[in-house]
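Structure record follows, encoded as structure tokens.
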Amino acid sequence: MTEMSCREIEQMLLDYADGQLSPERSSEVAEHLAGCRRCSDALKALQRSLELVQVVWEDGWADAQAIHISKQVKTRGIPRWAYATAAAVLAVAACWAFWHYLNRPAPQPLTVAEIERRVADEGMAARLLAATELLAGKPYAKELVKSQYNYIVERYPSTEAAATAKTRIR
Amino acid sequence: MGWIESVDQTNADLAGQADQAANELSARPNLTDVFLAERERLKRIVAGMGLSASDGEDALQDVSIQALQRRDVFADKAESVRWLIKVTVNRCPMEHRRRRSFQRHAGEILRRRQEIGTQSDRIDVKAIAAEELEIVRETLQELDGSLLALLVLRYFCDLNSTEIGKVLDLNQSTVRSRLREARMILAGQLMQRGIEP
């Protein structure tokens with residue numbers, strides 16, 4: 001087998017493995033693979049790596065079963081200005097959180113990773129709170145808003161947004 | 001009498017147009033309903049992109065909010081589904097702790113696999129060597145986000161190249177060549193690092 005034909009086969013190998021080639025092309029590839037160790041190893045590696053990727057994905061999928069999505073998602077459109085407001089609130093909250101954690105006297109020295117995690121939590125909680133606040137006045141979104149506040153409190157208990165969400169729930 | 005007939009005709013025309021407009025509006029899919037109907041597929045995407053359950057939940061919360069904003073925008077359900085998939089795929093790399101589930105080492109994956117029984121009929125993995133699983137896990141962790149998204153949509157969500165192209169605004173040959181690139185990277189890592197296929 002020439003190097004060139006191996007290159008040509010390599011271009012078709014994925015389609016061959018996925019069963020996307022015409023019967024004629026498929027026969028040509030199979031014939032080449034029977035006499036070429038390099039290409040047949042490449043095919044095995046393609047197949048094996050996909051099997052292993054599926055194992056990793058399924059491991060994540062087992063976790064994803066725990067994802068809760070509210071069935072109360074029912075409302076009308078939200079005006080664009082409200083999103084702009086939410087973005088501004090988020091930006092201010094993120095800056096505040098960042099400043100707060102940089103300047104706060106800590107009893108024990110915080111690691112950079114811990115600061116980063118807390119800032120991320122503050123930011124995400126503020127973002128969710130801002131989105132929830134947009135819906136808070138809508139009567140048809142009452143259940144969704146309640147579940148969102150509860151989610152923020154449970155998921156980000158130590159954040160400012162969670163404190164606000166608690167007062168809203170009360 | 002002529003003008004009365006003319007007014008009646010005008011009224012009938014207007015009523016017909018109003019009915020048609022009402023029918024078109026009611027025929028439009030409600031994006032929030034489509035979101036709920038498609039939530040398992042969207043969960044599959046966030047899992048495939050490596051987000052942990054909590055990060056995935058945050059991502060899908062965001063997608064649901066975007067769906068609320070764009071309610072009644074799309075003409076048919078297929079278009080709505082494509083939009084939801086695209087938004088979800090694009091949302092995943094924004095996660096601060098991205099691909100956290102890919103940080104779980106091969107040994108732990110295998111242990112969890114035994115404990116919670118995540119085996120499925122679609123995977124014929126008789127004996128998984130931790131070493132090769134670790135190589136693939138690390139490669140997934142480092143893989144470019146756009147290539148990972150294509151892999152997830154094609155091999156974890158079972159979309160074909162045409163459907164993926166419509167979702168991500170790519171032509172079919174681009175989808176195929178990028179999929180080939182991603183698969184070759186994964187296979188190449190297995191071969192380069194001395195694992196016998």
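Residue numbers start at 1 in each chain; chains themselves are named A, B, ... in the order of the structure tokens; ligands are numbered from 1 in the order shown.
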
Once you count only C-alpha atoms, what closest atom pair and distance in Å to one decimal does each residue of chain A within 6 Å of chain B have, with rows by chain and rising residue number, as a Markdown table?
```
| residue | atom | partner | partner_atom | distance |
| --- | --- | --- | --- | --- |
| A:Lys44 | CA | B:Pro197 | CA | 5.5 |
| A:Ala45 | CA | B:Ala187 | CA | 4.8 |
| A:Leu46 | CA | B:Ala187 | CA | 4.8 |
| A:Ser49 | CA | B:Ala187 | CA | 5.6 |
| A:Leu52 | CA | B:Leu133 | CA | 5.9 |
| A:Trp57 | CA | B:Gly48 | CA | 5.2 |
| A:Gly60 | CA | B:Ala47 | CA | 5.1 |
| A:Trp61 | CA | B:Ala47 | CA | 5.2 |
| A:Asp63 | CA | B:Ala53 | CA | 5.5 |
| A:Ala64 | CA | B:Ala53 | CA | 4.9 |
| A:Ile67 | CA | B:Glu57 | CA | 5.4 |
| A:Gly77 | CA | B:Gln69 | CA | 4.6 |
| A:Ile78 | CA | B:Gln69 | CA | 5.2 |
```

Selected residues written out, all heavy atoms, as an mmCIF file, in the first residue's frame:
```cif
data_model
loop_
_atom_site.group_PDB
_atom_site.id
_atom_site.type_symbol
_atom_site.label_atom_id
_atom_site.label_comp_id
_atom_site.auth_asym_id
_atom_site.auth_seq_id
_atom_site.Cartn_x
_atom_site.Cartn_y
_atom_site.Cartn_z
ATOM 1 N N LYS A 44 -9.373 0.945 14.720
ATOM 2 C CA LYS A 44 -9.652 0.421 16.065
ATOM 3 C C LYS A 44 -9.580 1.540 17.103
ATOM 4 O O LYS A 44 -10.388 1.592 18.035
ATOM 5 C CB LYS A 44 -8.646 -0.682 16.427
ATOM 6 C CG LYS A 44 -8.912 -1.996 15.722
ATOM 7 C CD LYS A 44 -7.818 -2.994 16.081
ATOM 8 C CE LYS A 44 -7.871 -4.201 15.164
ATOM 9 N NZ LYS A 44 -6.652 -5.029 15.264
ATOM 10 N N ALA A 45 -8.604 2.412 16.939
ATOM 11 C CA ALA A 45 -8.464 3.524 17.897
ATOM 12 C C ALA A 45 -9.652 4.473 17.810
ATOM 13 O O ALA A 45 -10.131 4.979 18.827
ATOM 14 C CB ALA A 45 -7.163 4.285 17.635
ATOM 15 N N LEU A 46 -10.130 4.701 16.577
ATOM 16 C CA LEU A 46 -11.326 5.542 16.406
ATOM 17 C C LEU A 46 -12.521 4.942 17.146
ATOM 18 O O LEU A 46 -13.250 5.639 17.857
ATOM 19 C CB LEU A 46 -11.690 5.640 14.916
ATOM 20 C CG LEU A 46 -11.094 6.754 14.074
ATOM 21 C CD1 LEU A 46 -11.541 6.589 12.626
ATOM 22 C CD2 LEU A 46 -11.518 8.116 14.594
ATOM 23 N N SER A 49 -11.862 4.819 21.070
ATOM 24 C CA SER A 49 -11.921 6.126 21.743
ATOM 25 C C SER A 49 -13.363 6.599 21.874
ATOM 26 O O SER A 49 -13.734 7.184 22.894
ATOM 27 C CB SER A 49 -11.069 7.166 20.998
ATOM 28 O OG SER A 49 -11.512 7.311 19.672
ATOM 29 N N LEU A 52 -14.935 4.884 24.784
ATOM 30 C CA LEU A 52 -14.475 5.433 26.067
ATOM 31 C C LEU A 52 -15.068 6.818 26.322
ATOM 32 O O LEU A 52 -15.389 7.164 27.463
ATOM 33 C CB LEU A 52 -12.944 5.488 26.088
ATOM 34 C CG LEU A 52 -12.288 4.103 26.047
ATOM 35 C CD1 LEU A 52 -10.794 4.214 25.782
ATOM 36 C CD2 LEU A 52 -12.529 3.332 27.339
ATOM 37 N N TRP A 57 -19.088 10.350 29.152
ATOM 38 C CA TRP A 57 -20.351 11.082 29.026
ATOM 39 C C TRP A 57 -21.430 10.465 29.914
ATOM 40 O O TRP A 57 -22.202 11.169 30.548
ATOM 41 C CB TRP A 57 -20.819 11.053 27.573
ATOM 42 C CG TRP A 57 -20.151 12.082 26.698
ATOM 43 C CD1 TRP A 57 -19.542 13.242 27.093
ATOM 44 C CD2 TRP A 57 -20.047 12.044 25.269
ATOM 45 N NE1 TRP A 57 -19.063 13.924 26.000
ATOM 46 C CE2 TRP A 57 -19.353 13.223 24.869
ATOM 47 C CE3 TRP A 57 -20.465 11.154 24.292
ATOM 48 C CZ2 TRP A 57 -19.079 13.513 23.537
ATOM 49 C CZ3 TRP A 57 -20.196 11.445 22.963
ATOM 50 C CH2 TRP A 57 -19.513 12.606 22.592
ATOM 51 N N GLY A 60 -21.173 11.512 33.410
ATOM 52 C CA GLY A 60 -21.751 12.842 33.619
ATOM 53 C C GLY A 60 -23.268 12.823 33.532
ATOM 54 O O GLY A 60 -23.957 13.527 34.259
ATOM 55 N N TRP A 61 -23.787 11.977 32.654
ATOM 56 C CA TRP A 61 -25.229 11.875 32.471
ATOM 57 C C TRP A 61 -25.908 11.363 33.744
ATOM 58 O O TRP A 61 -27.012 11.789 34.103
ATOM 59 C CB TRP A 61 -25.525 10.965 31.287
ATOM 60 C CG TRP A 61 -26.970 10.663 31.035
ATOM 61 C CD1 TRP A 61 -27.543 9.432 30.984
ATOM 62 C CD2 TRP A 61 -28.026 11.605 30.780
ATOM 63 N NE1 TRP A 61 -28.880 9.554 30.720
ATOM 64 C CE2 TRP A 61 -29.207 10.876 30.596
ATOM 65 C CE3 TRP A 61 -28.070 12.997 30.719
ATOM 66 C CZ2 TRP A 61 -30.427 11.486 30.344
ATOM 67 C CZ3 TRP A 61 -29.294 13.605 30.479
ATOM 68 C CH2 TRP A 61 -30.447 12.855 30.282
ATOM 69 N N ASP A 63 -24.986 12.046 36.708
ATOM 70 C CA ASP A 63 -25.105 13.236 37.564
ATOM 71 C C ASP A 63 -26.239 14.134 37.092
ATOM 72 O O ASP A 63 -26.962 14.720 37.893
ATOM 73 C CB ASP A 63 -23.813 14.064 37.518
ATOM 74 C CG ASP A 63 -22.716 13.445 38.347
ATOM 75 O OD1 ASP A 63 -23.018 12.514 39.121
ATOM 76 O OD2 ASP A 63 -21.564 13.883 38.217
ATOM 77 N N ALA A 64 -26.353 14.249 35.773
ATOM 78 C CA ALA A 64 -27.325 15.201 35.209
ATOM 79 C C ALA A 64 -28.771 14.829 35.541
ATOM 80 O O ALA A 64 -29.663 15.667 35.428
ATOM 81 C CB ALA A 64 -27.143 15.290 33.694
ATOM 82 N N ILE A 67 -30.459 17.180 37.824
ATOM 83 C CA ILE A 67 -30.801 18.551 37.432
ATOM 84 C C ILE A 67 -32.311 18.742 37.499
ATOM 85 O O ILE A 67 -33.076 17.971 36.929
ATOM 86 C CB ILE A 67 -30.302 18.860 35.995
ATOM 87 C CG1 ILE A 67 -28.776 18.873 35.964
ATOM 88 C CG2 ILE A 67 -30.845 20.198 35.510
ATOM 89 C CD1 ILE A 67 -28.191 19.111 34.584
ATOM 90 N N GLY A 77 -43.332 37.757 27.298
ATOM 91 C CA GLY A 77 -41.992 38.251 27.009
ATOM 92 C C GLY A 77 -41.533 39.303 28.004
ATOM 93 O O GLY A 77 -42.348 40.027 28.589
ATOM 94 N N ILE A 78 -40.221 39.401 28.175
ATOM 95 C CA ILE A 78 -39.650 40.374 29.096
ATOM 96 C C ILE A 78 -39.012 41.474 28.262
ATOM 97 O O ILE A 78 -38.277 41.184 27.321
ATOM 98 C CB ILE A 78 -38.594 39.693 29.979
ATOM 99 C CG1 ILE A 78 -39.265 38.591 30.791
ATOM 100 C CG2 ILE A 78 -37.920 40.695 30.896
ATOM 101 C CD1 ILE A 78 -38.300 37.658 31.468
#
```

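Straight-line separation from CA of Glu38 in chain B to CA of Val145 in chain A: 21.5 Å.
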
Neighbour list for Val119 in chain A as JSON, numbers by chain, cut-off 8 Å, only C-alpha atoms, skip fewer than 5 positions in-chain: {"A": [94, 97, 98, 101]}
